[in-house]
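Q: Sharing final.cif (mmCIF, C-alpha atoms and all ligand atoms) below.
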```
data_protein
#
loop_
_atom_site.group_PDB
_atom_site.id
_atom_site.type_symbol
_atom_site.label_atom_id
_atom_site.label_comp_id
_atom_site.auth_asym_id
_atom_site.auth_seq_id
_atom_site.Cartn_x
_atom_site.Cartn_y
_atom_site.Cartn_z
ATOM 1 C CA MET A 1 93.588 -16.804 -102.297
ATOM 2 C CA GLN A 2 96.103 -16.891 -99.433
ATOM 3 C CA GLN A 3 97.985 -13.705 -98.567
ATOM 4 C CA ASP A 4 101.154 -13.311 -96.553
ATOM 5 C CA PRO A 5 100.056 -12.239 -93.036
ATOM 6 C CA GLN A 6 103.183 -10.171 -92.570
ATOM 7 C CA VAL A 7 102.438 -8.167 -95.724
ATOM 8 C CA ILE A 8 98.871 -7.424 -94.583
ATOM 9 C CA ARG A 9 100.055 -6.451 -91.078
ATOM 10 C CA GLN A 10 102.638 -4.118 -92.560
ATOM 11 C CA ALA A 11 100.056 -2.589 -94.955
ATOM 12 C CA ILE A 12 97.488 -1.765 -92.285
ATOM 13 C CA GLY A 13 100.194 -0.447 -89.933
ATOM 14 C CA GLN A 14 101.483 1.872 -92.623
ATOM 15 C CA ALA A 15 97.946 2.966 -93.624
ATOM 16 C CA LEU A 16 97.181 3.894 -90.011
ATOM 17 C CA GLN A 17 100.483 5.733 -89.624
ATOM 18 C CA GLU A 18 99.949 7.762 -92.816
ATOM 19 C CA SER A 19 96.405 8.683 -91.787
ATOM 20 C CA LEU A 20 97.453 10.150 -88.452
ATOM 21 C CA SER A 21 99.032 13.132 -90.163
ATOM 22 C CA LEU A 22 95.880 13.909 -92.211
ATOM 23 C CA GLN A 23 94.172 16.878 -90.606
ATOM 24 C CA GLY A 24 91.278 17.720 -92.988
ATOM 25 C CA GLY A 25 87.550 17.223 -92.516
ATOM 26 C CA LYS A 26 85.010 17.790 -89.794
ATOM 27 C CA ASN A 27 82.711 15.499 -87.772
ATOM 28 C CA ALA A 28 79.109 15.365 -89.030
ATOM 29 C CA ASP A 29 77.173 17.876 -86.934
ATOM 30 C CA TYR A 30 73.645 17.712 -88.380
ATOM 31 C CA ILE A 31 73.216 14.710 -86.053
ATOM 32 C CA PRO A 32 74.157 16.200 -82.641
ATOM 33 C CA PHE A 33 75.605 12.937 -81.252
ATOM 34 C CA LEU A 34 78.159 12.616 -84.057
ATOM 35 C CA ALA A 35 79.566 16.094 -83.456
ATOM 36 C CA GLN A 36 80.973 15.076 -80.089
ATOM 37 C CA VAL A 37 82.704 11.771 -81.005
ATOM 38 C CA PRO A 38 86.486 12.317 -80.474
ATOM 39 C CA SER A 39 87.881 13.374 -83.872
ATOM 40 C CA HIS A 40 91.326 11.885 -83.316
ATOM 41 C CA LEU A 41 90.073 8.259 -83.353
ATOM 42 C CA SER A 42 91.487 6.204 -86.215
ATOM 43 C CA ALA A 43 91.314 2.496 -86.994
ATOM 44 C CA VAL A 44 91.755 0.077 -89.872
ATOM 45 C CA ALA A 45 91.024 -3.643 -90.146
ATOM 46 C CA VAL A 46 91.140 -6.436 -92.707
ATOM 47 C CA VAL A 47 89.220 -9.719 -92.579
ATOM 48 C CA THR A 48 90.088 -12.197 -95.317
ATOM 49 C CA ALA A 49 87.667 -14.513 -97.094
ATOM 50 C CA GLU A 50 89.408 -17.345 -95.205
ATOM 51 C CA GLY A 51 88.681 -15.680 -91.861
ATOM 52 C CA ALA A 52 92.051 -14.188 -90.874
ATOM 53 C CA VAL A 53 91.645 -10.947 -88.884
ATOM 54 C CA TYR A 54 94.069 -7.998 -88.860
ATOM 55 C CA GLN A 55 93.466 -4.769 -86.954
ATOM 56 C CA ALA A 56 95.300 -1.566 -86.062
ATOM 57 C CA GLY A 57 94.502 1.593 -84.102
ATOM 58 C CA ASP A 58 91.206 2.141 -82.248
ATOM 59 C CA SER A 59 89.655 -0.916 -83.891
ATOM 60 C CA SER A 60 87.469 -1.909 -80.934
ATOM 61 C CA TYR A 61 85.913 1.568 -80.517
ATOM 62 C CA PRO A 62 82.139 1.300 -81.249
ATOM 63 C CA PHE A 63 80.722 4.020 -83.505
ATOM 64 C CA ALA A 64 77.479 4.587 -85.416
ATOM 65 C CA ILE A 65 77.198 2.415 -88.544
ATOM 66 C CA GLU A 66 75.043 5.066 -90.293
ATOM 67 C CA SER A 67 74.792 4.569 -94.054
ATOM 68 C CA ILE A 68 76.882 1.408 -94.158
ATOM 69 C CA SER A 69 73.655 -0.163 -92.836
ATOM 70 C CA LYS A 70 72.114 0.541 -96.252
ATOM 71 C CA VAL A 71 74.176 -2.357 -97.653
ATOM 72 C CA SER A 72 72.657 -5.078 -95.465
ATOM 73 C CA THR A 73 69.141 -3.691 -95.857
ATOM 74 C CA LEU A 74 69.646 -3.756 -99.633
ATOM 75 C CA ALA A 75 70.712 -7.403 -99.263
ATOM 76 C CA LEU A 76 67.455 -8.185 -97.455
ATOM 77 C CA ALA A 77 65.349 -6.350 -100.025
ATOM 78 C CA LEU A 78 67.122 -8.250 -102.811
ATOM 79 C CA GLU A 79 66.374 -11.568 -101.112
ATOM 80 C CA GLU A 80 62.761 -10.652 -100.831
ATOM 81 C CA ALA A 81 62.055 -8.941 -104.142
ATOM 82 C CA GLY A 82 64.888 -10.077 -106.457
ATOM 83 C CA PRO A 83 67.259 -7.957 -108.575
ATOM 84 C CA ALA A 84 64.754 -7.038 -111.315
ATOM 85 C CA ALA A 85 62.218 -5.637 -108.850
ATOM 86 C CA ILE A 86 64.898 -3.710 -106.935
ATOM 87 C CA LYS A 87 66.056 -2.079 -110.161
ATOM 88 C CA GLU A 88 62.496 -1.124 -111.035
ATOM 89 C CA LYS A 89 61.185 -0.139 -107.585
ATOM 90 C CA ILE A 90 64.323 1.614 -106.267
ATOM 91 C CA GLY A 91 66.980 1.782 -108.990
ATOM 92 C CA ALA A 92 70.545 0.867 -109.909
ATOM 93 C CA ASP A 93 72.140 4.114 -111.017
ATOM 94 C CA PRO A 94 74.343 6.805 -109.512
ATOM 95 C CA THR A 95 72.597 10.057 -108.535
ATOM 96 C CA GLY A 96 75.654 12.321 -108.811
ATOM 97 C CA LEU A 97 74.123 14.365 -105.969
ATOM 98 C CA PRO A 98 74.371 14.410 -102.148
ATOM 99 C CA PHE A 99 73.023 11.449 -100.154
ATOM 100 C CA ASN A 100 69.949 13.317 -98.950
ATOM 101 C CA SER A 101 69.225 15.256 -102.132
ATOM 102 C CA VAL A 102 65.645 16.232 -102.914
ATOM 103 C CA ILE A 103 66.742 17.547 -106.319
ATOM 104 C CA ALA A 104 67.866 14.008 -107.232
ATOM 105 C CA LEU A 105 64.267 12.863 -106.688
ATOM 106 C CA GLU A 106 62.776 15.771 -108.618
ATOM 107 C CA LEU A 107 65.026 15.052 -111.600
ATOM 108 C CA HIS A 108 63.797 11.455 -111.886
ATOM 109 C CA SER A 109 60.031 11.663 -111.255
ATOM 110 C CA GLY A 110 60.537 10.796 -107.594
ATOM 111 C CA LYS A 111 62.533 7.591 -108.225
ATOM 112 C CA PRO A 112 65.380 7.186 -105.718
ATOM 113 C CA LEU A 113 67.804 5.633 -108.312
ATOM 114 C CA SER A 114 69.954 3.913 -105.680
ATOM 115 C CA PRO A 115 69.276 1.955 -102.476
ATOM 116 C CA LEU A 116 72.450 3.536 -101.071
ATOM 117 C CA VAL A 117 71.143 7.104 -100.800
ATOM 118 C CA ASN A 118 68.728 8.026 -98.010
ATOM 119 C CA ALA A 119 65.660 7.959 -100.273
ATOM 120 C CA GLY A 120 66.442 4.540 -101.766
ATOM 121 C CA ALA A 121 67.405 3.136 -98.373
ATOM 122 C CA MET A 122 64.017 4.113 -96.940
ATOM 123 C CA SER A 123 62.345 2.528 -99.976
ATOM 124 C CA ALA A 124 64.353 -0.651 -99.323
ATOM 125 C CA VAL A 125 63.240 -0.678 -95.677
ATOM 126 C CA SER A 126 59.638 -0.259 -96.827
ATOM 127 C CA LEU A 127 59.877 -3.219 -99.232
ATOM 128 C CA LEU A 128 60.614 -5.717 -96.457
ATOM 129 C CA LYS A 129 57.702 -7.878 -95.442
ATOM 130 C CA ALA A 130 56.805 -7.166 -91.821
ATOM 131 C CA ASN A 131 53.675 -6.871 -89.710
ATOM 132 C CA ASP A 132 54.925 -3.853 -87.813
ATOM 133 C CA ALA A 133 57.904 -1.584 -87.212
ATOM 134 C CA GLU A 134 59.396 -3.861 -84.568
ATOM 135 C CA GLN A 135 59.440 -6.890 -86.880
ATOM 136 C CA ARG A 136 60.891 -4.784 -89.714
ATOM 137 C CA TRP A 137 63.611 -3.536 -87.366
ATOM 138 C CA GLN A 138 64.446 -6.998 -85.971
ATOM 139 C CA ARG A 139 64.932 -8.416 -89.470
ATOM 140 C CA ILE A 140 67.374 -5.633 -90.303
ATOM 141 C CA LEU A 141 69.322 -5.902 -87.042
ATOM 142 C CA HIS A 142 69.523 -9.688 -87.402
ATOM 143 C CA LEU A 143 71.253 -9.479 -90.790
ATOM 144 C CA GLN A 144 73.607 -6.721 -89.599
ATOM 145 C CA GLN A 145 74.676 -9.061 -86.795
ATOM 146 C CA GLN A 146 75.045 -12.050 -89.086
ATOM 147 C CA MET A 147 77.301 -10.054 -91.402
ATOM 148 C CA ALA A 148 79.337 -8.560 -88.538
ATOM 149 C CA GLY A 149 79.635 -11.968 -86.849
ATOM 150 C CA SER A 150 78.821 -10.408 -83.451
ATOM 151 C CA ALA A 151 75.905 -9.208 -81.376
ATOM 152 C CA LEU A 152 75.260 -5.543 -82.170
ATOM 153 C CA ALA A 153 72.986 -3.105 -80.410
ATOM 154 C CA LEU A 154 71.121 0.070 -81.099
ATOM 155 C CA SER A 155 72.582 3.058 -79.277
ATOM 156 C CA GLU A 156 69.629 4.734 -77.557
ATOM 157 C CA GLU A 157 71.659 7.924 -77.467
ATOM 158 C CA VAL A 158 72.435 7.986 -81.209
ATOM 159 C CA ASN A 159 68.882 6.924 -82.050
ATOM 160 C CA GLN A 160 67.362 9.621 -79.883
ATOM 161 C CA SER A 161 69.707 12.201 -81.401
ATOM 162 C CA GLU A 162 68.727 11.165 -84.951
ATOM 163 C CA GLN A 163 64.987 10.583 -84.425
ATOM 164 C CA SER A 164 64.609 14.034 -82.894
ATOM 165 C CA THR A 165 66.356 15.789 -85.803
ATOM 166 C CA ASN A 166 65.486 13.718 -88.921
ATOM 167 C CA PHE A 167 62.907 16.128 -90.404
ATOM 168 C CA HIS A 168 64.641 16.188 -93.787
ATOM 169 C CA ASN A 169 64.453 12.387 -94.104
ATOM 170 C CA ARG A 170 60.785 12.486 -93.111
ATOM 171 C CA GLY A 171 60.198 14.986 -95.925
ATOM 172 C CA ILE A 172 61.949 12.616 -98.362
ATOM 173 C CA ALA A 173 59.827 9.690 -97.118
ATOM 174 C CA TRP A 174 56.613 11.604 -97.937
ATOM 175 C CA LEU A 175 57.948 12.607 -101.381
ATOM 176 C CA LEU A 176 58.649 8.909 -102.085
ATOM 177 C CA TYR A 177 55.151 8.041 -100.964
ATOM 178 C CA SER A 178 53.556 10.597 -103.251
ATOM 179 C CA ALA A 179 55.634 9.375 -106.217
ATOM 180 C CA GLY A 180 54.790 5.693 -105.593
ATOM 181 C CA TYR A 181 58.233 4.561 -104.378
ATOM 182 C CA MET A 182 57.327 3.933 -100.731
ATOM 183 C CA TYR A 183 55.958 0.458 -99.996
ATOM 184 C CA CYS A 184 54.800 0.757 -96.385
ATOM 185 C CA ASP A 185 53.764 3.598 -94.116
ATOM 186 C CA PRO A 186 56.377 6.334 -94.850
ATOM 187 C CA MET A 187 56.878 7.342 -91.221
ATOM 188 C CA GLU A 188 57.391 3.696 -90.227
ATOM 189 C CA ALA A 189 60.035 3.297 -92.948
ATOM 190 C CA CYS A 190 61.791 6.510 -91.870
ATOM 191 C CA GLU A 191 61.704 5.557 -88.198
ATOM 192 C CA VAL A 192 63.134 2.059 -88.826
ATOM 193 C CA TYR A 193 65.722 3.426 -91.285
ATOM 194 C CA THR A 194 66.859 5.853 -88.589
ATOM 195 C CA ARG A 195 67.210 2.978 -86.102
ATOM 196 C CA GLN A 196 69.264 0.944 -88.554
ATOM 197 C CA CYS A 197 71.714 3.874 -88.822
ATOM 198 C CA SER A 198 71.985 4.132 -85.016
ATOM 199 C CA VAL A 199 73.552 0.709 -84.442
ATOM 200 C CA LEU A 200 77.033 0.705 -82.912
ATOM 201 C CA ILE A 201 79.770 -1.316 -84.593
ATOM 202 C CA ASN A 202 83.564 -1.363 -84.378
ATOM 203 C CA THR A 203 86.093 -1.437 -87.200
ATOM 204 C CA THR A 204 86.886 -5.157 -86.893
ATOM 205 C CA GLN A 205 83.177 -6.051 -86.988
ATOM 206 C CA LEU A 206 82.802 -3.769 -89.986
ATOM 207 C CA ALA A 207 85.675 -5.522 -91.795
ATOM 208 C CA THR A 208 83.875 -8.834 -91.114
ATOM 209 C CA PHE A 209 80.688 -7.316 -92.581
ATOM 210 C CA ALA A 210 82.706 -6.406 -95.710
ATOM 211 C CA ALA A 211 84.429 -9.805 -95.757
ATOM 212 C CA THR A 212 80.999 -11.478 -95.874
ATOM 213 C CA LEU A 213 80.489 -9.731 -99.219
ATOM 214 C CA ALA A 214 84.011 -10.705 -100.309
ATOM 215 C CA ALA A 215 83.259 -14.357 -99.458
ATOM 216 C CA ARG A 216 80.092 -14.350 -101.636
ATOM 217 C CA GLY A 217 77.719 -14.041 -98.735
ATOM 218 C CA MET A 218 79.381 -16.418 -96.286
ATOM 219 C CA ASN A 219 80.582 -14.860 -93.040
ATOM 220 C CA PRO A 220 84.195 -16.114 -92.936
ATOM 221 C CA LEU A 221 84.318 -16.069 -89.119
ATOM 222 C CA THR A 222 81.052 -17.884 -88.346
ATOM 223 C CA ARG A 223 81.175 -19.891 -91.636
ATOM 224 C CA GLN A 224 77.431 -19.223 -92.040
ATOM 225 C CA GLN A 225 76.001 -18.439 -95.478
ATOM 226 C CA VAL A 226 74.055 -15.307 -94.539
ATOM 227 C CA LEU A 227 73.356 -13.789 -97.977
ATOM 228 C CA ARG A 228 72.188 -15.312 -101.226
ATOM 229 C CA LYS A 229 75.323 -15.800 -103.276
ATOM 230 C CA ASP A 230 73.635 -14.711 -106.521
ATOM 231 C CA ASN A 231 72.700 -11.312 -105.099
ATOM 232 C CA VAL A 232 76.219 -10.331 -104.045
ATOM 233 C CA PRO A 233 77.252 -9.014 -107.507
ATOM 234 C CA CYS A 234 74.190 -6.691 -107.501
ATOM 235 C CA ILE A 235 75.145 -5.353 -104.066
ATOM 236 C CA LEU A 236 78.726 -4.738 -105.185
ATOM 237 C CA ALA A 237 77.497 -3.002 -108.359
ATOM 238 C CA GLU A 238 75.287 -0.667 -106.317
ATOM 239 C CA MET A 239 78.262 0.056 -104.032
ATOM 240 C CA THR A 240 80.441 0.892 -107.026
ATOM 241 C CA MET A 241 77.859 3.307 -108.427
ATOM 242 C CA GLU A 242 76.781 5.157 -105.278
ATOM 243 C CA GLY A 243 78.652 3.785 -102.236
ATOM 244 C CA MET A 244 80.821 6.897 -101.850
ATOM 245 C CA TYR A 245 78.035 9.261 -103.018
ATOM 246 C CA GLY A 246 79.319 12.089 -105.243
ATOM 247 C CA ALA A 247 82.857 10.700 -104.942
ATOM 248 C CA SER A 248 81.928 7.234 -106.267
ATOM 249 C CA GLY A 249 83.351 7.900 -109.728
ATOM 250 C CA ASP A 250 86.618 9.297 -108.378
ATOM 251 C CA TRP A 251 86.856 6.367 -105.994
ATOM 252 C CA ALA A 252 86.330 3.811 -108.792
ATOM 253 C CA TYR A 253 88.948 5.618 -110.861
ATOM 254 C CA SER A 254 91.563 5.840 -108.141
ATOM 255 C CA VAL A 255 90.879 2.833 -105.869
ATOM 256 C CA GLY A 256 88.754 0.514 -108.006
ATOM 257 C CA LEU A 257 86.876 -1.386 -105.277
ATOM 258 C CA PRO A 258 83.167 -1.430 -104.330
ATOM 259 C CA ALA A 259 82.868 0.625 -101.142
ATOM 260 C CA LYS A 260 80.412 2.241 -98.748
ATOM 261 C CA SER A 261 80.761 5.084 -96.294
ATOM 262 C CA GLY A 262 78.744 6.313 -93.325
ATOM 263 C CA VAL A 263 78.639 9.740 -91.673
ATOM 264 C CA GLY A 264 79.749 8.083 -88.418
ATOM 265 C CA GLY A 265 83.211 7.925 -90.021
ATOM 266 C CA GLY A 266 83.258 4.327 -91.245
ATOM 267 C CA VAL A 267 84.244 3.150 -94.740
ATOM 268 C CA ILE A 268 84.233 -0.414 -96.069
ATOM 269 C CA ALA A 269 85.636 -1.814 -99.301
ATOM 270 C CA VAL A 270 85.350 -5.290 -100.801
ATOM 271 C CA VAL A 271 87.983 -7.224 -102.733
ATOM 272 C CA PRO A 272 85.741 -9.960 -104.180
ATOM 273 C CA GLY A 273 86.904 -13.432 -103.275
ATOM 274 C CA VAL A 274 89.766 -12.032 -101.181
ATOM 275 C CA MET A 275 89.008 -9.692 -98.271
ATOM 276 C CA GLY A 276 86.962 -6.972 -96.648
ATOM 277 C CA ILE A 277 88.742 -3.779 -95.619
ATOM 278 C CA ALA A 278 87.258 -1.329 -93.093
ATOM 279 C CA ALA A 279 88.462 1.915 -91.577
ATOM 280 C CA PHE A 280 87.087 4.508 -89.192
ATOM 281 C CA SER A 281 87.784 8.106 -88.268
ATOM 282 C CA PRO A 282 85.074 10.734 -87.634
ATOM 283 C CA PRO A 283 86.096 13.846 -89.650
ATOM 284 C CA LEU A 284 84.283 13.937 -93.024
ATOM 285 C CA ASP A 285 84.916 15.689 -96.325
ATOM 286 C CA ASN A 286 82.251 17.660 -98.236
ATOM 287 C CA GLU A 287 80.711 14.502 -99.721
ATOM 288 C CA GLY A 288 80.156 13.062 -96.211
ATOM 289 C CA ASN A 289 82.978 10.492 -96.472
ATOM 290 C CA SER A 290 85.621 10.124 -93.743
ATOM 291 C CA VAL A 291 88.879 11.746 -94.801
ATOM 292 C CA ARG A 292 91.186 9.372 -92.927
ATOM 293 C CA ALA A 293 89.107 6.217 -93.426
ATOM 294 C CA GLN A 294 89.105 6.740 -97.191
ATOM 295 C CA ALA A 295 92.871 7.287 -97.120
ATOM 296 C CA MET A 296 93.453 4.152 -95.023
ATOM 297 C CA VAL A 297 91.296 1.889 -97.211
ATOM 298 C CA ALA A 298 92.899 3.299 -100.373
ATOM 299 C CA SER A 299 96.374 2.824 -98.928
ATOM 300 C CA VAL A 300 95.757 -0.824 -97.939
ATOM 301 C CA ALA A 301 94.265 -1.604 -101.372
ATOM 302 C CA SER A 302 97.132 0.022 -103.182
ATOM 303 C CA GLN A 303 99.879 -1.544 -101.041
ATOM 304 C CA LEU A 304 98.351 -5.003 -101.533
ATOM 305 C CA GLY A 305 97.780 -4.353 -105.241
ATOM 306 C CA TYR A 306 93.988 -4.808 -105.239
ATOM 307 C CA SER A 307 91.718 -3.022 -107.714
ATOM 308 C CA LEU A 308 88.944 -4.593 -109.777
ATOM 309 C CA TYR A 309 90.302 -2.896 -112.842
ATOM 310 C CA ARG A 310 93.891 -4.005 -112.591
HETATM 311 N N1 LIG A 401 71.488 8.586 -90.660
HETATM 312 C C1 LIG A 401 72.146 9.406 -91.642
HETATM 313 C C2 LIG A 401 71.125 10.174 -92.452
HETATM 314 O O1 LIG A 401 70.058 9.660 -92.692
HETATM 315 C C3 LIG A 401 72.998 8.547 -92.532
HETATM 316 C C4 LIG A 401 73.677 9.325 -93.648
HETATM 317 C C5 LIG A 401 75.013 8.776 -94.051
HETATM 318 O O2 LIG A 401 75.664 8.031 -93.322
HETATM 319 N N2 LIG A 401 75.485 9.197 -95.198
HETATM 320 O O3 LIG A 401 71.361 11.277 -92.856
#
```
Represent the supplied structure as structure tokens.
Ligand code: GLN
A:
Amino acid sequence: MQQDPQVIRQAIGQALQESLSLQGGKNADYIPFLAQVPSHLSAVAVVTAEGAVYQAGDSSYPFAIESISKVSTLALALEEAGPAAIKEKIGADPTGLPFNSVIALELHSGKPLSPLVNAGAMSAVSLLKANDAEQRWQRILHLQQQMAGSALALSEEVNQSEQSTNFHNRGIAWLLYSAGYMYCDPMEACEVYTRQCSVLINTTQLATFAATLAARGMNPLTRQQVLRKDNVPCILAEMTMEGMYGASGDWAYSVGLPAKSGVGGGVIAVVPGVMGIAAFSPPLDNEGNSVRAQAMVASVASQLGYSLYR
């Protein structure tokens, strides 16, 4: 589907403008690095399934991908194990609880329920076939780059900040192991998961990552088929159920697009067959979703008239 470039330019410009007056939220501070990213940064970008790129604001500022990385790792796990095994070994349900909830595990006999919460993401990392942590990590980074259409790199600073404070995730990794939902050494899975969250990406690269899902697994900028087409609907379903954590239901109700957030301040949304939308701004609400990025993505979707349920 071809959209009028002027209409998209106008929509992202207006979304950025509206977001600048939004004052709520607070940078994540449980990861020390994230607390000191300038809170005023704001960006929004659209990449269409045909490969047209639109950007506004601080769209080339690199920030930590954090939980948006769970999407590409899920894609890898799906390629390796297939949808039925992912549903059985990790899950395809919303948790209705915070992204690092231990109660969510306790309520379901230790099953993570979703590959998009921390527990399920570590399970997904552990499912990948690899001889060691380095190989596991390289596979994950490679797909992140293929989806973003650019070389990406781990930030040593973010990684160090996370690895030295991720005791809660290590606890979750051992709980998964004891319940039978961890498929490699739990500390290796946690360590590699933490690296995958510490990759730097900018808003335009993130919109390309989302556009790869919109274009059924083909990166519209490199024209490479980087995901199995048949798995894309499963990824989008998982995003709908848990992509915005406890706010996923509200988001489906009000915006109606599969989405994923990260505590670095990024949010992506996918209009299947049409475009990827991404936004970034560090201050988060109580669910761990960026206040301004959510508003920008919602504004672009609404101005352009996109919702799955329309
Ligand atoms: N690295 C973060 C964590 O494990 C990612 C969380 C997020 O972005 N929601 O807590």
Q: For ligand LIG 401 (chain A), collect every residue having any atom at a distance of at most 10 Å from a ligand atom (counting all atoms listed in the file); output as a VMD selection string.
A: chain A and resid 28 30 to 31 64 to 70 98 to 100 116 to 119 121 to 122 158 to 159 162 to 163 165 to 170 190 193 to 198 243 to 245 260 to 267 287 to 289
Q: Tell me which of A:Pro283, A:Gly110, A:Pro258, A:Gly120 sits closest to A:Gly180, counting all atoms listed in the file.
A: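 Of A:Pro283, A:Gly110, A:Pro258, A:Gly120, the one nearest A:Gly180, counting all atoms listed in the file, is A:Gly110.
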Q: Taking the file as I've supplied it (selection: the PyMOL selection byres (((chain A and resi 73) around 8) and not hetatm)), which residues are included? Please answer as a list in words.
A: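 When the PyMOL selection byres (((chain A and resi 73) around 8) and not hetatm) is applied to the shown file, the picked residues are Ser69, Lys70, Val71, Ser72, Leu74, Ala75, Leu76, Ala77, Ala121, Ala124, Val125, Ile140 and Leu143 of chain A.
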Q: Exactly which residues make up the result of the PyMOL selection byres (((chain A and resi 210) around 7) and not hetatm) on this file, given as an NGL selection string?
A: :A and (206-209 or 211-214 or 268-270 or 276-277)
Q: Hey, what's within 9 Å of A:Leu257 if we count all atoms listed in the file and toss same-chain stuff fewer than 5 positions away? As a list of chain:residue names, please?
A: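 Here the answer would be A:Leu236, A:Met239, A:Thr240, A:Trp251, A:Ala252, A:Ala269, A:Val270, A:Val271, A:Pro272, A:Ala301, A:Tyr306, A:Ser307, A:Leu308, A:Tyr309.
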Q: Store the residues picked out above, limited to C-alpha atoms, as a JSON list (two decimals), in the coordinates of the input.
A:
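New file selection_12.json:
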```json
[["chain", "number", "residue", "atom", "x", "y", "z"],
["A", 236, "LEU", "CA", 78.73, -4.74, -105.18],
["A", 239, "MET", "CA", 78.26, 0.06, -104.03],
["A", 240, "THR", "CA", 80.44, 0.89, -107.03],
["A", 251, "TRP", "CA", 86.86, 6.37, -105.99],
["A", 252, "ALA", "CA", 86.33, 3.81, -108.79],
["A", 269, "ALA", "CA", 85.64, -1.81, -99.30],
["A", 270, "VAL", "CA", 85.35, -5.29, -100.80],
["A", 271, "VAL", "CA", 87.98, -7.22, -102.73],
["A", 272, "PRO", "CA", 85.74, -9.96, -104.18],
["A", 301, "ALA", "CA", 94.26, -1.60, -101.37],
["A", 306, "TYR", "CA", 93.99, -4.81, -105.24],
["A", 307, "SER", "CA", 91.72, -3.02, -107.71],
["A", 308, "LEU", "CA", 88.94, -4.59, -109.78],
["A", 309, "TYR", "CA", 90.30, -2.90, -112.84]]
```
Q: One number please: atom CA of A:Leu176 to atom CA of A:Lys129, in Å, one decimal.
A: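 Distance between the two atoms: 18.1 Å.
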Q: Kindly resolve the PyMOL selection byres (((chain A and resi 187) around 10) and not hetatm) on the present coordinates and return the residues as a list in words.
A: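 For this structure, the PyMOL selection byres (((chain A and resi 187) around 10) and not hetatm) captures Met122, Ser126, Ala133, Asn169, Arg170, Gly171, Ala173, Trp174, Tyr177, Cys184, Asp185, Pro186, Glu188, Ala189, Cys190, Glu191, Val192 and Tyr193 of chain A.
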Q: Can you work out which one of A:Thr48, A:Gln14, A:Ser161, A:Gln23 has the shortest atom-to-atom distance to A:Ala278, counting all atoms listed in the file?
A: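 Once distances to A:Ala278 are computed over all atoms listed in the file, the minimum belongs to A:Thr48.
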Q: Nearest to A:Ala52 among A:Met182, A:Met275, A:Leu113, A:Leu105, with distances taken over only C-alpha atoms: which residue is it?
A: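 Of the candidates, the smallest distance to A:Ala52 is held by A:Met275.
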Q: May I ask which of the residues A:Ile86, A:Leu304, A:Ile172, A:Met218 is the closest one to A:Val7, counting all atoms listed in the file?
A: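 Among the listed residues, the smallest separation from A:Val7 belongs to A:Leu304.
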Q: Between A:Ile90, A:Ala81, A:Ala215, A:Leu127, which residue has the minimum interatomic distance to A:Ala179, considering only C-alpha atoms?
A: A:Ile90
Q: Calculated over all atoms listed in the file, which of the candidates A:Ser302, A:Gln10, A:Gln144, A:Ser150 has the smallest distance to A:Thr222?
A: A:Ser150
Q: So that I can see what lies close to A:Gly217, please list as a PyMOL selection string the residues with an atom at most 6 Å from it, counting only C-alpha atoms and leaving out residues fewer than 5 positions away in the same chain.
A: chain A and resi 212+225-227+229
Q: What is the atom CA of A:Gly13-atom CA of A:Gly149 distance in Å, reported with one decimal?
A: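 Spanning atom CA of A:Gly13 to atom CA of A:Gly149 is a straight-line distance of 23.8 Å.
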Q: Got a sec: who's within 10 Å of A:Asn27, counting all atoms listed in the file, leaving out chain neighbours fewer than 6 positions off, as a PyMOL selection string?
A: chain A and resi 33-39+263-265+281-285+288+290
Q: What is the atom CA of A:Gln17-atom CA of A:Asp250 distance in Å, reported with one decimal?
A: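 Atom CA of A:Asp250 lies 23.6 Å from atom CA of A:Gln17.
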Q: Can you tell me, as an MDAnalysis selection string, what residues are no more than 10 Å from A:Val53 when counting only C-alpha atoms, ignoring any on the same chain fewer than 3 positions away?
A: chainID A and resid 5 8:9 45:50 204:205 207:208 220:221 275:276
Q: Within 7 Å of A:Val300, counting only C-alpha atoms, which residues qualify if same-chain residues fewer than 5 places away don't, as a ChimeraX atom specification?
A: /A:11-12,15
Q: Quick one: what's the axis-aligned box for stretch 286-289 of chain A, all listed atoms, 3 Å on every side, centre and edges in Å to one decimal, as AutoDock Vina command-line options?
A:
```
--center_x 81.6 --center_y 14.1 --center_z -98.0 --size_x 8.8 --size_y 13.2 --size_z 9.5
```
